[in-house]
Each structure stands twice: as C-alpha cells, then as structure tokens.
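Chemist: Take a look at run-v8.txt, compact mmCIF, C-alpha atoms and all ligand atoms:
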# COMPACT_ATOMS: atom_id res chain seq x y z
CA MET Y 150 -63.50 106.02 127.15
CA ALA Y 151 -64.48 102.86 129.02
CA HIS Y 152 -67.25 100.91 127.32
CA ALA Y 153 -69.45 98.55 129.27
CA GLN Y 154 -71.03 97.23 126.10
CA GLU Y 155 -73.04 94.31 127.40
CA ASN Y 156 -73.41 95.64 130.93
CA VAL Y 157 -76.90 97.05 130.71
CA THR Y 158 -77.95 95.95 134.17
CA GLY Y 159 -75.87 98.40 136.10
CA PRO Y 160 -77.04 100.04 139.30
CA GLY Y 161 -80.23 102.01 138.85
CA SER Y 162 -80.99 100.54 135.43
CA PRO Y 163 -84.71 99.73 135.44
CA GLY Y 164 -85.96 96.46 134.00
CA THR Y 165 -88.09 98.19 131.38
CA ALA Y 166 -85.02 100.01 130.04
CA GLU Y 167 -83.39 96.62 129.64
CA GLN Y 168 -86.39 95.37 127.70
CA ASP Y 169 -86.39 98.49 125.54
CA LEU Y 170 -82.69 97.99 124.87
CA ALA Y 171 -83.30 94.38 123.91
CA ALA Y 172 -86.10 95.44 121.54
CA LEU Y 173 -83.93 98.12 119.97
CA ARG Y 174 -81.09 95.65 119.47
CA ALA Y 175 -83.46 93.18 117.84
CA ASP Y 176 -84.78 95.87 115.49
CA LEU Y 177 -81.37 97.30 114.55
CA PRO Y 178 -79.01 94.37 114.04
CA GLY Y 179 -76.52 96.55 112.19
CA PHE Y 180 -75.68 98.39 115.45
CA ARG Y 181 -74.08 97.38 118.76
CA ILE Y 182 -76.18 99.19 121.33
CA TRP Y 183 -75.35 99.69 124.97
CA ARG Y 184 -75.90 101.86 128.03
CA GLU Y 185 -72.89 103.29 129.79
CA GLU Y 186 -72.15 105.50 132.74
CA THR Y 187 -69.38 108.07 132.37
CA CYS Y 188 -68.58 110.60 135.12
CA GLY Y 189 -71.92 109.87 136.80
CA ARG Y 190 -73.91 110.47 133.62
CA ILE Y 191 -75.87 107.78 131.81
CA ARG Y 192 -75.79 107.69 128.07
CA TYR Y 193 -76.91 105.34 125.32
CA VAL Y 194 -74.63 104.49 122.45
CA ALA Y 195 -75.38 102.83 119.11
CA ARG Y 196 -72.33 101.94 117.06
CA ARG Y 197 -72.34 100.37 113.61
CA ARG Y 198 -70.92 96.89 113.45
CA LEU Y 199 -69.24 97.82 110.19
CA LYS Y 200 -66.45 100.30 109.84
CA GLY Y 201 -66.64 103.18 107.38
CA VAL Y 202 -70.45 103.56 107.43
CA ARG Y 203 -71.85 106.96 108.35
CA PRO Y 204 -73.03 107.84 110.89
CA HIS Y 205 -70.88 105.34 112.70
CA THR Y 206 -71.89 106.21 116.26
CA VAL Y 207 -75.04 107.77 117.68
CA VAL Y 208 -75.10 108.87 121.34
CA THR Y 209 -78.08 110.15 123.34
CA ALA Y 210 -78.80 110.80 127.00
CA CYS Y 211 -82.14 109.05 126.77
CA LEU Y 212 -82.96 105.63 125.37
CA GLY Y 213 -86.23 106.84 123.84
CA GLU Y 214 -84.31 109.36 121.76
CA LEU Y 215 -81.80 106.82 120.49
CA ARG Y 216 -84.20 105.14 118.07
CA GLN Y 217 -85.47 108.53 116.80
CA GLU Y 218 -81.95 109.82 116.37
CA ILE Y 219 -80.84 106.71 114.45
CA GLU Y 220 -83.89 106.88 112.20
CA ARG Y 221 -83.29 110.57 111.59
CA ALA Y 222 -79.61 110.07 110.79
CA CYS Y 223 -80.20 106.91 108.70
CA PRO Y 224 -83.52 107.40 106.86
CA GLN Y 225 -83.18 104.00 105.20
CA ILE Y 226 -83.62 102.40 108.64
CA GLY Y 227 -87.00 102.22 110.31
CA PHE Y 228 -90.53 101.96 109.04
CA SER Y 229 -91.84 104.36 106.47
CA ALA Y 230 -94.96 104.00 104.36
CA VAL Y 231 -93.92 106.85 102.07
CA ARG Y 232 -90.40 105.68 101.24
CA PRO Y 233 -90.10 102.70 98.86
CA ASN Y 234 -89.02 99.56 100.67
CA ILE Y 235 -86.97 96.74 99.10
CA ALA Y 236 -89.12 93.90 100.42
CA ARG Y 237 -92.44 95.60 99.67
CA MET Y 238 -91.36 96.52 96.12
CA TYR Y 239 -90.34 92.90 95.57
CA ASP Y 240 -93.71 91.82 96.97
CA TYR Y 241 -95.42 94.10 94.43
CA LEU Y 242 -93.35 92.64 91.59
CA LEU Y 243 -94.52 89.20 92.73
CA GLN Y 244 -98.13 90.47 92.70
CA GLY Y 245 -98.34 90.33 96.49
CA LYS Y 246 -100.59 92.50 98.64
CA ASP Y 247 -98.14 93.76 101.26
CA ASN Y 248 -97.07 96.99 99.61
CA PHE Y 249 -97.89 100.70 99.73
CA ARG Y 250 -98.34 103.39 97.12
CA ALA Y 251 -94.70 104.47 97.35
CA ASP Y 252 -93.57 100.89 96.67
CA ARG Y 253 -95.96 100.47 93.75
CA GLN Y 254 -94.91 103.79 92.21
CA ALA Y 255 -91.21 102.96 92.50
CA ALA Y 256 -91.73 99.48 91.05
CA GLU Y 257 -93.92 100.86 88.25
CA SER Y 258 -91.19 103.37 87.34
CA VAL Y 259 -89.06 100.33 86.48
CA LEU Y 260 -91.82 98.21 84.91
CA GLU Y 261 -92.87 101.04 82.61
CA LYS Y 262 -89.56 100.81 80.76
CA PHE Y 263 -88.59 97.22 81.59
CA PRO Y 264 -91.75 95.13 82.00
CA GLU Y 265 -89.74 91.92 81.92
CA VAL Y 266 -88.49 92.65 85.46
CA ALA Y 267 -91.77 91.19 86.82
CA ALA Y 268 -91.17 87.86 85.05
CA LEU Y 269 -87.55 87.89 86.15
CA THR Y 270 -88.60 88.37 89.77
CA ARG Y 271 -90.94 85.37 89.52
CA ALA Y 272 -88.14 83.39 87.87
CA ASN Y 273 -85.87 84.24 90.82
CA ARG Y 274 -88.45 82.95 93.27
CA GLU Y 275 -88.86 79.74 91.23
CA PHE Y 276 -85.07 79.30 91.18
CA LEU Y 277 -85.04 79.62 94.96
CA ALA Y 278 -87.55 76.77 95.31
CA ARG Y 279 -85.69 74.52 92.84
CA ALA Y 280 -82.38 75.21 94.59
CA VAL Y 281 -83.77 74.45 98.06
CA ARG Y 282 -85.31 71.21 96.78
CA HIS Y 283 -82.00 70.21 95.20
CA VAL Y 284 -80.02 70.96 98.34
CA ALA Y 285 -82.53 69.20 100.61
CA ARG Y 286 -82.23 66.14 98.37
CA GLN Y 287 -78.47 66.13 99.08
CA GLY Y 288 -79.35 65.52 102.74
CA ILE Y 289 -79.08 69.07 104.09
CA CYS Y 290 -81.60 69.75 106.84
CA GLN Y 291 -80.55 73.18 108.16
CA PHE Y 292 -81.16 76.31 106.12
CA ILE Y 293 -80.44 79.99 106.66
CA ASP Y 294 -82.49 82.24 104.37
CA ALA Y 295 -80.62 85.56 104.64
CA GLY Y 296 -82.48 88.59 103.30
CA VAL Y 297 -85.68 86.56 103.39
CA GLY Y 298 -88.07 89.29 102.25
CA LEU Y 299 -91.82 89.12 102.81
CA PRO Y 300 -93.40 85.65 102.83
CA ALA Y 301 -93.84 84.37 99.28
CA CYS Y 302 -95.27 80.95 98.60
CA PRO Y 303 -93.59 78.51 98.65
CA ASN Y 304 -91.27 79.63 101.44
CA VAL Y 305 -88.00 77.83 102.15
CA HIS Y 306 -89.30 75.62 104.97
CA GLU Y 307 -92.28 74.54 102.85
CA VAL Y 308 -90.01 73.35 100.03
CA ALA Y 309 -87.33 71.81 102.27
CA ARG Y 310 -89.88 69.92 104.32
CA GLN Y 311 -91.34 68.29 101.23
CA VAL Y 312 -88.00 66.47 101.14
CA THR Y 313 -86.95 66.37 104.81
CA ARG Y 314 -89.82 66.56 107.27
CA ASP Y 315 -87.76 67.98 110.13
CA ALA Y 316 -85.75 70.56 108.16
CA ARG Y 317 -84.88 73.56 110.34
CA VAL Y 318 -84.89 77.05 108.89
CA VAL Y 319 -83.57 80.40 110.10
CA TYR Y 320 -85.26 83.34 108.41
CA THR Y 321 -83.23 86.51 108.75
CA ASP Y 322 -83.35 90.07 107.44
CA ASN Y 323 -82.27 93.54 108.54
CA ASP Y 324 -85.70 95.07 108.04
CA PRO Y 325 -87.89 95.02 111.18
CA MET Y 326 -91.04 95.11 109.04
CA VAL Y 327 -89.93 91.92 107.25
CA LEU Y 328 -89.09 90.29 110.58
CA GLY Y 329 -92.56 91.16 111.92
CA HIS Y 330 -94.16 89.35 108.98
CA ALA Y 331 -91.79 86.42 109.35
CA ARG Y 332 -92.56 86.04 113.05
CA ALA Y 333 -96.29 86.18 112.39
CA LEU Y 334 -96.48 84.04 109.26
CA LEU Y 335 -93.37 81.89 108.89
CA ALA Y 336 -92.45 80.91 112.46
CA VAL Y 337 -95.07 78.17 112.56
CA ASP Y 338 -93.19 75.77 114.85
CA SER Y 339 -90.04 75.24 116.89
CA GLY Y 340 -88.10 74.20 113.78
CA ILE Y 341 -88.21 77.76 112.47
CA SER Y 342 -86.30 80.68 113.90
CA VAL Y 343 -86.61 84.35 112.93
CA VAL Y 344 -83.55 86.45 113.62
CA ALA Y 345 -82.64 90.09 112.98
CA SER Y 346 -79.28 90.37 111.26
CA ASP Y 347 -77.38 92.14 108.55
CA ILE Y 348 -75.80 89.93 105.90
CA ARG Y 349 -72.71 92.11 106.11
CA ASP Y 350 -71.98 90.58 109.50
CA PRO Y 351 -72.26 86.78 109.21
CA ASP Y 352 -70.24 86.26 112.42
CA ALA Y 353 -72.89 88.17 114.40
CA LEU Y 354 -75.66 86.23 112.65
CA LEU Y 355 -74.19 82.85 113.59
CA ALA Y 356 -73.64 83.98 117.18
CA ALA Y 357 -77.15 85.43 117.57
CA PRO Y 358 -79.64 83.88 119.95
CA GLY Y 359 -81.99 82.02 117.66
CA VAL Y 360 -79.12 80.71 115.55
CA ARG Y 361 -76.64 79.54 118.18
CA GLY Y 362 -78.01 76.29 119.56
CA PHE Y 363 -80.51 76.11 116.70
CA VAL Y 364 -78.12 75.59 113.80
CA ASP Y 365 -75.39 73.05 114.49
CA PRO Y 366 -72.24 74.78 113.19
CA ALA Y 367 -70.41 71.48 112.90
CA GLN Y 368 -72.98 70.16 110.44
CA PRO Y 369 -73.50 71.29 106.85
CA VAL Y 370 -75.94 74.12 106.35
CA CYS Y 371 -77.47 75.76 103.31
CA VAL Y 372 -77.07 79.55 103.24
CA LEU Y 373 -79.36 81.35 100.81
CA LEU Y 374 -78.39 84.81 99.59
CA THR Y 375 -80.93 85.31 96.84
CA SER Y 376 -81.68 88.68 95.31
CA VAL Y 377 -79.99 90.53 98.14
CA LEU Y 378 -76.27 90.93 97.39
CA HIS Y 379 -76.92 93.51 94.66
CA PHE Y 380 -78.22 95.83 97.40
CA LEU Y 381 -74.69 96.13 98.81
CA PRO Y 382 -71.65 97.99 97.50
CA ALA Y 383 -69.29 95.57 95.74
CA ALA Y 384 -66.68 95.33 98.50
CA GLU Y 385 -69.31 94.65 101.17
CA ALA Y 386 -70.97 91.93 99.09
CA ASP Y 387 -67.59 90.27 98.45
CA ALA Y 388 -66.72 90.38 102.15
CA ALA Y 389 -70.11 88.98 103.18
CA VAL Y 390 -69.86 86.03 100.79
CA ALA Y 391 -66.28 85.31 101.87
CA ALA Y 392 -67.32 85.30 105.54
CA PHE Y 393 -70.25 82.93 104.97
CA LYS Y 394 -67.96 80.56 103.04
CA ARG Y 395 -65.40 80.64 105.84
CA LEU Y 396 -68.00 79.95 108.54
CA MET Y 397 -69.93 77.16 106.81
CA ALA Y 398 -69.00 73.60 107.75
CA PRO Y 399 -67.56 71.43 104.97
CA GLY Y 400 -70.38 69.94 102.94
CA SER Y 401 -72.45 73.15 103.26
CA TYR Y 402 -74.19 74.81 100.33
CA LEU Y 403 -74.29 78.43 99.23
CA VAL Y 404 -77.24 79.47 97.06
CA ILE Y 405 -76.89 82.84 95.34
CA SER Y 406 -78.85 84.87 92.84
CA ALA Y 407 -77.86 88.42 91.96
CA GLY Y 408 -78.35 91.06 89.32
CA THR Y 409 -75.53 91.24 86.81
CA SER Y 410 -74.30 94.02 84.58
CA THR Y 411 -73.21 91.39 82.03
CA GLY Y 412 -75.89 91.35 79.36
CA THR Y 413 -78.18 93.71 81.27
CA ASP Y 414 -79.24 96.97 79.65
CA PRO Y 415 -77.25 99.70 81.49
CA GLY Y 416 -80.45 101.80 81.33
CA LEU Y 417 -82.15 99.25 83.59
CA ILE Y 418 -79.41 99.48 86.19
CA ARG Y 419 -79.73 103.28 86.19
CA CYS Y 420 -83.50 102.93 86.43
CA LEU Y 421 -83.20 100.54 89.42
CA GLN Y 422 -80.68 102.85 91.08
CA ALA Y 423 -83.19 105.71 90.77
CA ALA Y 424 -86.09 103.60 92.06
CA TYR Y 425 -84.11 102.45 95.13
CA ALA Y 426 -82.30 105.77 95.61
CA ASP Y 427 -83.82 106.45 99.05
CA THR Y 428 -83.44 102.86 100.16
CA ALA Y 429 -80.23 101.09 99.19
CA PRO Y 430 -77.46 101.15 96.62
CA VAL Y 431 -77.96 98.93 93.57
CA THR Y 432 -74.78 97.33 92.26
CA GLY Y 433 -74.72 95.34 89.04
CA ARG Y 434 -71.79 92.93 89.20
CA THR Y 435 -70.23 91.32 86.17
CA ALA Y 436 -70.74 87.62 85.59
CA ALA Y 437 -67.04 87.10 86.38
CA GLU Y 438 -67.42 88.89 89.73
CA ILE Y 439 -70.47 86.82 90.64
CA GLY Y 440 -68.66 83.67 89.51
CA ALA Y 441 -65.79 84.60 91.85
CA TRP Y 442 -68.15 84.31 94.83
CA PHE Y 443 -68.12 80.55 94.19
CA THR Y 444 -64.33 80.26 94.28
CA GLY Y 445 -63.41 77.32 96.49
CA LEU Y 446 -66.87 75.75 96.12
CA ILE Y 447 -68.01 73.00 93.78
CA LEU Y 448 -70.67 74.46 91.51
CA ALA Y 449 -73.70 72.29 90.91
CA ARG Y 450 -74.73 71.67 87.34
CA PRO Y 451 -75.36 73.75 85.20
CA GLY Y 452 -72.98 76.18 86.93
CA LEU Y 453 -73.56 79.91 87.03
CA THR Y 454 -76.47 80.71 84.77
CA ASP Y 455 -79.61 82.83 84.38
CA VAL Y 456 -82.12 82.16 87.16
CA TRP Y 457 -84.67 80.76 84.71
CA ALA Y 458 -82.07 78.39 83.21
CA TRP Y 459 -80.96 76.79 86.50
CA ARG Y 460 -82.36 73.23 86.34
CA PRO Y 461 -85.71 74.31 84.85
CA LYS Y 462 -88.71 72.09 85.49
CA ASP Y 463 -88.90 71.29 81.79
CA PRO Y 464 -85.35 71.50 80.40
CA GLN Y 465 -86.73 71.36 76.86
CA ARG Y 466 -88.88 74.44 77.43
CA PRO Y 467 -87.46 76.65 80.18
CA VAL Y 468 -89.70 79.58 81.12
CA ARG Y 469 -87.55 82.49 79.99
CA PRO Y 470 -88.50 86.16 79.99
CA THR Y 471 -89.62 87.26 76.54
CA GLN Y 472 -87.11 90.10 76.52
CA ALA Y 473 -83.59 89.63 77.81
CA ARG Y 474 -82.59 93.16 78.79
CA ALA Y 475 -82.46 92.16 82.46
CA ARG Y 476 -80.46 89.32 83.95
CA LEU Y 477 -80.21 87.71 87.37
CA LEU Y 478 -77.50 85.08 87.66
CA ALA Y 479 -77.85 82.04 89.88
CA GLY Y 480 -75.56 79.38 91.26
CA VAL Y 481 -75.45 76.68 93.92
CA GLY Y 482 -72.05 75.82 95.36
CA ARG Y 483 -70.94 73.19 97.81
CA LYS Y 484 -68.05 73.59 100.22
CA PRO Y 485 -65.86 70.56 99.67
CA SER Y 486 -65.53 68.05 102.45
CA GLY Y 487 -63.08 65.27 103.09
CA GLY Y 488 -65.89 62.72 102.70
CA PRO Y 489 -66.98 60.90 99.59
CA ALA Y 490 -66.93 63.04 96.49
CA TRP Y 491 -70.18 64.81 95.85
CA GLN Y 492 -71.66 64.32 92.40
CA PRO Y 493 -72.65 67.70 90.99
C1 LIG L 1 -85.57 91.46 97.00
S1 LIG L 1 -85.80 90.82 98.59
C2 LIG L 1 -85.34 89.12 98.31
C3 LIG L 1 -86.19 88.14 99.06
C4 LIG L 1 -85.77 86.68 98.89
N1 LIG L 1 -84.41 86.46 99.32
C5 LIG L 1 -85.94 86.17 97.48
O1 LIG L 1 -84.96 85.97 96.77
O2 LIG L 1 -87.07 85.92 97.07
C6 LIG L 1 -84.32 91.41 99.44
C7 LIG L 1 -84.42 91.33 100.96
O3 LIG L 1 -83.11 91.53 101.46
C8 LIG L 1 -83.18 92.36 102.60
N2 LIG L 1 -81.89 93.04 102.78
C9 LIG L 1 -81.35 94.03 102.05
N3 LIG L 1 -80.12 94.37 102.52
C10 LIG L 1 -79.90 93.54 103.57
C11 LIG L 1 -78.82 93.40 104.49
N4 LIG L 1 -77.72 94.16 104.40
N5 LIG L 1 -78.91 92.46 105.45
C12 LIG L 1 -80.02 91.67 105.55
N6 LIG L 1 -81.08 91.76 104.72
C13 LIG L 1 -81.02 92.69 103.74
C14 LIG L 1 -84.33 93.31 102.31
O4 LIG L 1 -84.84 93.87 103.50
C15 LIG L 1 -85.30 92.38 101.61
O5 LIG L 1 -86.17 91.80 102.53
Could you render the structure from this file as structure tokens?
Modeler:
Amino acid sequence: MAHAQENVTGPGSPGTAEQDLAALRADLPGFRIWREETCGRIRYVARRRLKGVRPHTVVTACLGELRQEIERACPQIGFSAVRPNIARMYDYLLQGKDNFRADRQAAESVLEKFPEVAALTRANREFLARAVRHVARQGICQFIDAGVGLPACPNVHEVARQVTRDARVVYTDNDPMVLGHARALLAVDSGISVVASDIRDPDALLAAPGVRGFVDPAQPVCVLLTSVLHFLPAAEADAAVAAFKRLMAPGSYLVISAGTSTGTDPGLIRCLQAAYADTAPVTGRTAAEIGAWFTGLILARPGLTDVWAWRPKDPQRPVRPTQARARLLAGVGRKPSGGPAWQP
C-alpha cells in the first residue's frame, strides 16, 4: 500500500480538511495521521508512532469519524469528565480547582488509605522548583517540561526566570486538556512554547514545530520528566529516558522524579493502579532501576534521593511526610561535556 503520509493537499482536498487534520494531529501526538487516496477512494489513517500498542492503526473514510473512532478504540485518549484524568487528579492532590468529581473520587480512594500521598505530591512540586532553580544557576536557559500537567504555581518559567530573565520554556504533554490550559495560562510570551507530544517519542518532540527553531539543539537544555515516567510500562520509560539522553547536547540536564517500589508499601502501588485503571498503567520501579536512568550522567549532589530530601530549603529540617509508606525518588543529572569539569 502506498502511503502519502504528509501529502494532505492532494487534488480535491479542501482547505478546511487540512485544518481539521492539523488540529487532529496537534491533539493526538501519539499518532501519525494522514489522508490517502487508494484506487480512487479517499481514506484517513491514524497510526501509532510506537510499535506494539493496540490499536495500532485506525482507518476511516471520513475525517470526522477518525477522532470518534480513535476515542472509542482508545478510551484513555480524549476528554472525559467522568473518567479520572492524571493531570486533574494531580491538581486535586495539590488542592487545585481544575478537577471533576471522578478525579476527586479516584484521588480520595488513595488518600483514604494513604493520606501522606498529598504531602508527597506537594514535595514533588517543591523538588521541581528547587531543581529548576539549581539548573538555571548553572547557566541553562532552555527548558523542556515534558508531562507538564495543569499549571501549578510556581511553574517552570517562573522559577527559571528568577535566575535567567530570558529563559525559554517548552511545555509539552500528550493530554489535549492540559495543552489547552497551558496555551491559555502558561504561554504568556514568545519565550514560551506549548507543544503536543508523547514522552515515548522524544525524536518527534524535538522535531515538532514549536520546538525546532525554538530550542537550539546544539546548546545544553534541561529536560524535566517529573512524576510522569511511572505512568509508562517499564520498557517504554527506559526507552524514553535513553532517547532524551541521546538527543540532549553535552552539558544538558535531566531532571527526574518517579514513584519507586523500593520502600513503598505494595498496597499503595495496588491502590494507585486501581485508581488509574481507566487512565494509564502505574509502574513502581526499584531505586536501582531509577538510578540506572542516570547512567552516563553526572548526578548532582545529593544524588538519587527522596523528593523532599533533594537540596531542601532548610537542610537541618527538611519537610518530610509524616508517614513514609510512599516514596518518590528524585535526581538531577548532567550530560558530561568536553568543557571544564562541572562541580556537582
Ligand atoms: C502527575 S502529572 C505531573 C505534572 C508535573 N510534571 C509535575 O511533576 O508537577 C503527569 C502529567 O504527565 C502527562 N503524561 C502522562 N503520560 C504521558 C506521556 N506518555 N506523554 C506525555 N505526557 C504524559 C499527564 O497528562 C499529566 O499531565
């Protein structure tokens, strides 16, 4: 079968269909979407960028049906107020206002048994701010916040710009609802770009309009993957981290936080898996597996540690959750460069 993947402007293709295709592509970054003509018949094809994910290909005769068909076949994609949503549940845990009943109920099903998850979520957000400040102080002025979630003060550009006034930030996520919020609330000037992408495909992210020409690939960048990798199966998370490390210029930084099975009550992992069952897998990685993500990087002091323990504001009195049945590990790694040695 001959694919004309990017050729959407063939004879008879109306301009509005092109716009609809562009909108669909922006909303569904995990798919390559194109229009093709075979034996005189037009059809629309959406194919997953990743192999081995079902359904891999969706084909319809009409563009309008393509979105419906994808949403039907992949219920975790597309907007739903009645299905818990990762970003809205996280927003609820942070005491935000952008969540629905389904999100609150799912989050409460976890908090009922493990109330410390709320404090841990706040600790993750505080780690993110401390890590961005640290990296900005090393002279980094381009940031990619991948799996950004709903706006949560302070956001990455707000922290980075306290250090470097002209820091540029790409906010990216695979959830169109999150991207809508980011476009409305975070994209405050030309130094901020909001891009639809799936962290499982870093090559596509770096080639996307809004990143290409905005982030200088020859210069160091800070990639943030905080509280997102545990929503992927292990092999996909490992592959995503490896690809980001490969693509980053020497001198770049990788900031990661992720749930770990090491020291976490297995009951909590089961509880989280049930709460997110309709949304995403939840994978608790061991501390050794998370540590392996930093292979080839120079880990900043204090190394891989609990989110609350990573360079706390007051090292004498770090704000730690009262109960320690839940753990999120955090680390900041630098890709070595041939330049002067960096002092971790
Ligand atoms: C728990 S929130 C974390 C928000 C923020 N990174 C933080 O640490 O405060 C996870 C976010 O990752 C996004 N996400 C989940 N899987 C993703 C994927 N495969 N690609 C891109 N974003 C993803 C969700 O939509 C959600 O907005």
Chemist: Taking all atoms listed in the file into account, list the residues no farther than 6 Å from ligand LIG 1 (chain L), as a PyMOL selection string.
Modeler: chain Y and resi 235-236+239+274+296-298+322-324+346-349+375-377+380
Chemist: I need the chosen residues saved as a compact mmCIF listing (two decimals), keeping the file's coordinate frame, with C-alpha atoms.
Modeler:
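Okay, part_19.txt is ready:
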# COMPACT_ATOMS: atom_id res chain seq x y z
CA ILE Y 235 -86.97 96.74 99.10
CA ALA Y 236 -89.12 93.90 100.42
CA TYR Y 239 -90.34 92.90 95.57
CA ARG Y 274 -88.45 82.95 93.27
CA GLY Y 296 -82.48 88.59 103.30
CA VAL Y 297 -85.68 86.56 103.39
CA GLY Y 298 -88.07 89.29 102.25
CA ASP Y 322 -83.35 90.07 107.44
CA ASN Y 323 -82.27 93.54 108.54
CA ASP Y 324 -85.70 95.07 108.04
CA SER Y 346 -79.28 90.37 111.26
CA ASP Y 347 -77.38 92.14 108.55
CA ILE Y 348 -75.80 89.93 105.90
CA ARG Y 349 -72.71 92.11 106.11
CA THR Y 375 -80.93 85.31 96.84
CA SER Y 376 -81.68 88.68 95.31
CA VAL Y 377 -79.99 90.53 98.14
CA PHE Y 380 -78.22 95.83 97.40
Chemist: So that I can see what lies close to Leu277 in chain Y, please list as a list in words the residues with an atom at most 10 Å from it, counting all atoms listed in the file and leaving out residues fewer than 6 positions away in the same chain.
Modeler: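 Here the qualifying residues turn out to be Arg271, His283, Pro303, Asn304, Val305, Val308, Leu373, Leu374, Thr375, Ser376, Val404, Ile405, Ser406, Val456, Trp459 and Ala479 of chain Y.
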Chemist: Generate the output file for the selected residues, C-alpha atoms, as a PDB file, keeping the file's coordinate frame.
Modeler:
ATOM      1  CA  ARG Y 271     -90.940  85.370  89.520  1.00  0.00           C
ATOM      2  CA  HIS Y 283     -82.000  70.210  95.200  1.00  0.00           C
ATOM      3  CA  PRO Y 303     -93.590  78.510  98.650  1.00  0.00           C
ATOM      4  CA  ASN Y 304     -91.270  79.630 101.440  1.00  0.00           C
ATOM      5  CA  VAL Y 305     -88.000  77.830 102.150  1.00  0.00           C
ATOM      6  CA  VAL Y 308     -90.010  73.350 100.030  1.00  0.00           C
ATOM      7  CA  LEU Y 373     -79.360  81.350 100.810  1.00  0.00           C
ATOM      8  CA  LEU Y 374     -78.390  84.810  99.590  1.00  0.00           C
ATOM      9  CA  THR Y 375     -80.930  85.310  96.840  1.00  0.00           C
ATOM     10  CA  SER Y 376     -81.680  88.680  95.310  1.00  0.00           C
ATOM     11  CA  VAL Y 404     -77.240  79.470  97.060  1.00  0.00           C
ATOM     12  CA  ILE Y 405     -76.890  82.840  95.340  1.00  0.00           C
ATOM     13  CA  SER Y 406     -78.850  84.870  92.840  1.00  0.00           C
ATOM     14  CA  VAL Y 456     -82.120  82.160  87.160  1.00  0.00           C
ATOM     15  CA  TRP Y 459     -80.960  76.790  86.500  1.00  0.00           C
ATOM     16  CA  ALA Y 479     -77.850  82.040  89.880  1.00  0.00           C
TER      17      ALA Y 479
END
Chemist: List as a list in words the protein and nucleic acid residues near Ala331 in chain Y, meaning an atom at most 10 Å away when all atoms listed in the file are counted, but skip any in the same chain fewer than 3 places from it.
Modeler: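 Returned residues: Val297, Gly298, Leu299, Pro300, Tyr320, Thr321, Asp322, Pro325, Met326, Val327, Leu328, Leu334, Leu335, Ala336, Val337, Ile341, Ser342, Val343 and Val344 of chain Y.
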Chemist: Store the residues picked out above, limited to C-alpha atoms, as a PDB file, in the frame of the given file.
Modeler:
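New file selection-v9.pdb:
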ATOM      1  CA  VAL Y 297     -85.680  86.560 103.390  1.00  0.00           C
ATOM      2  CA  GLY Y 298     -88.070  89.290 102.250  1.00  0.00           C
ATOM      3  CA  LEU Y 299     -91.820  89.120 102.810  1.00  0.00           C
ATOM      4  CA  PRO Y 300     -93.400  85.650 102.830  1.00  0.00           C
ATOM      5  CA  TYR Y 320     -85.260  83.340 108.410  1.00  0.00           C
ATOM      6  CA  THR Y 321     -83.230  86.510 108.750  1.00  0.00           C
ATOM      7  CA  ASP Y 322     -83.350  90.070 107.440  1.00  0.00           C
ATOM      8  CA  PRO Y 325     -87.890  95.020 111.180  1.00  0.00           C
ATOM      9  CA  MET Y 326     -91.040  95.110 109.040  1.00  0.00           C
ATOM     10  CA  VAL Y 327     -89.930  91.920 107.250  1.00  0.00           C
ATOM     11  CA  LEU Y 328     -89.090  90.290 110.580  1.00  0.00           C
ATOM     12  CA  LEU Y 334     -96.480  84.040 109.260  1.00  0.00           C
ATOM     13  CA  LEU Y 335     -93.370  81.890 108.890  1.00  0.00           C
ATOM     14  CA  ALA Y 336     -92.450  80.910 112.460  1.00  0.00           C
ATOM     15  CA  VAL Y 337     -95.070  78.170 112.560  1.00  0.00           C
ATOM     16  CA  ILE Y 341     -88.210  77.760 112.470  1.00  0.00           C
ATOM     17  CA  SER Y 342     -86.300  80.680 113.900  1.00  0.00           C
ATOM     18  CA  VAL Y 343     -86.610  84.350 112.930  1.00  0.00           C
ATOM     19  CA  VAL Y 344     -83.550  86.450 113.620  1.00  0.00           C
TER      20      VAL Y 344
END
Chemist: From the options Y:Ile182, Y:Ala230, Y:Ala392, Y:Leu378, which residue's atoms come nearest to Asp247 in chain Y, counting all atoms listed in the file?
Modeler: Y:Ala230
Chemist: Enter the distance from CA of Thr313 in chain Y to CA of Val364 in chain Y, in Å, rounded to one decimal.
Modeler: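 That distance, rounded to one decimal, is 15.6 Å.
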Chemist: When you draw a straight line from CA of Arg250 in chain Y to CA of Ser229 in chain Y, how long is it in Å?
Modeler: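 Separation of CA of Arg250 in chain Y and CA of Ser229 in chain Y: 11.4 Å.
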Chemist: Please list as an MDAnalysis selection string every residue within 9 Å of range 414-422 of chain Y, counting all atoms listed in the file and excluding residues in the same chain fewer than 6 positions away.
Modeler: chainID Y and resid 255:256 258:259 262:263 429:433 473:476
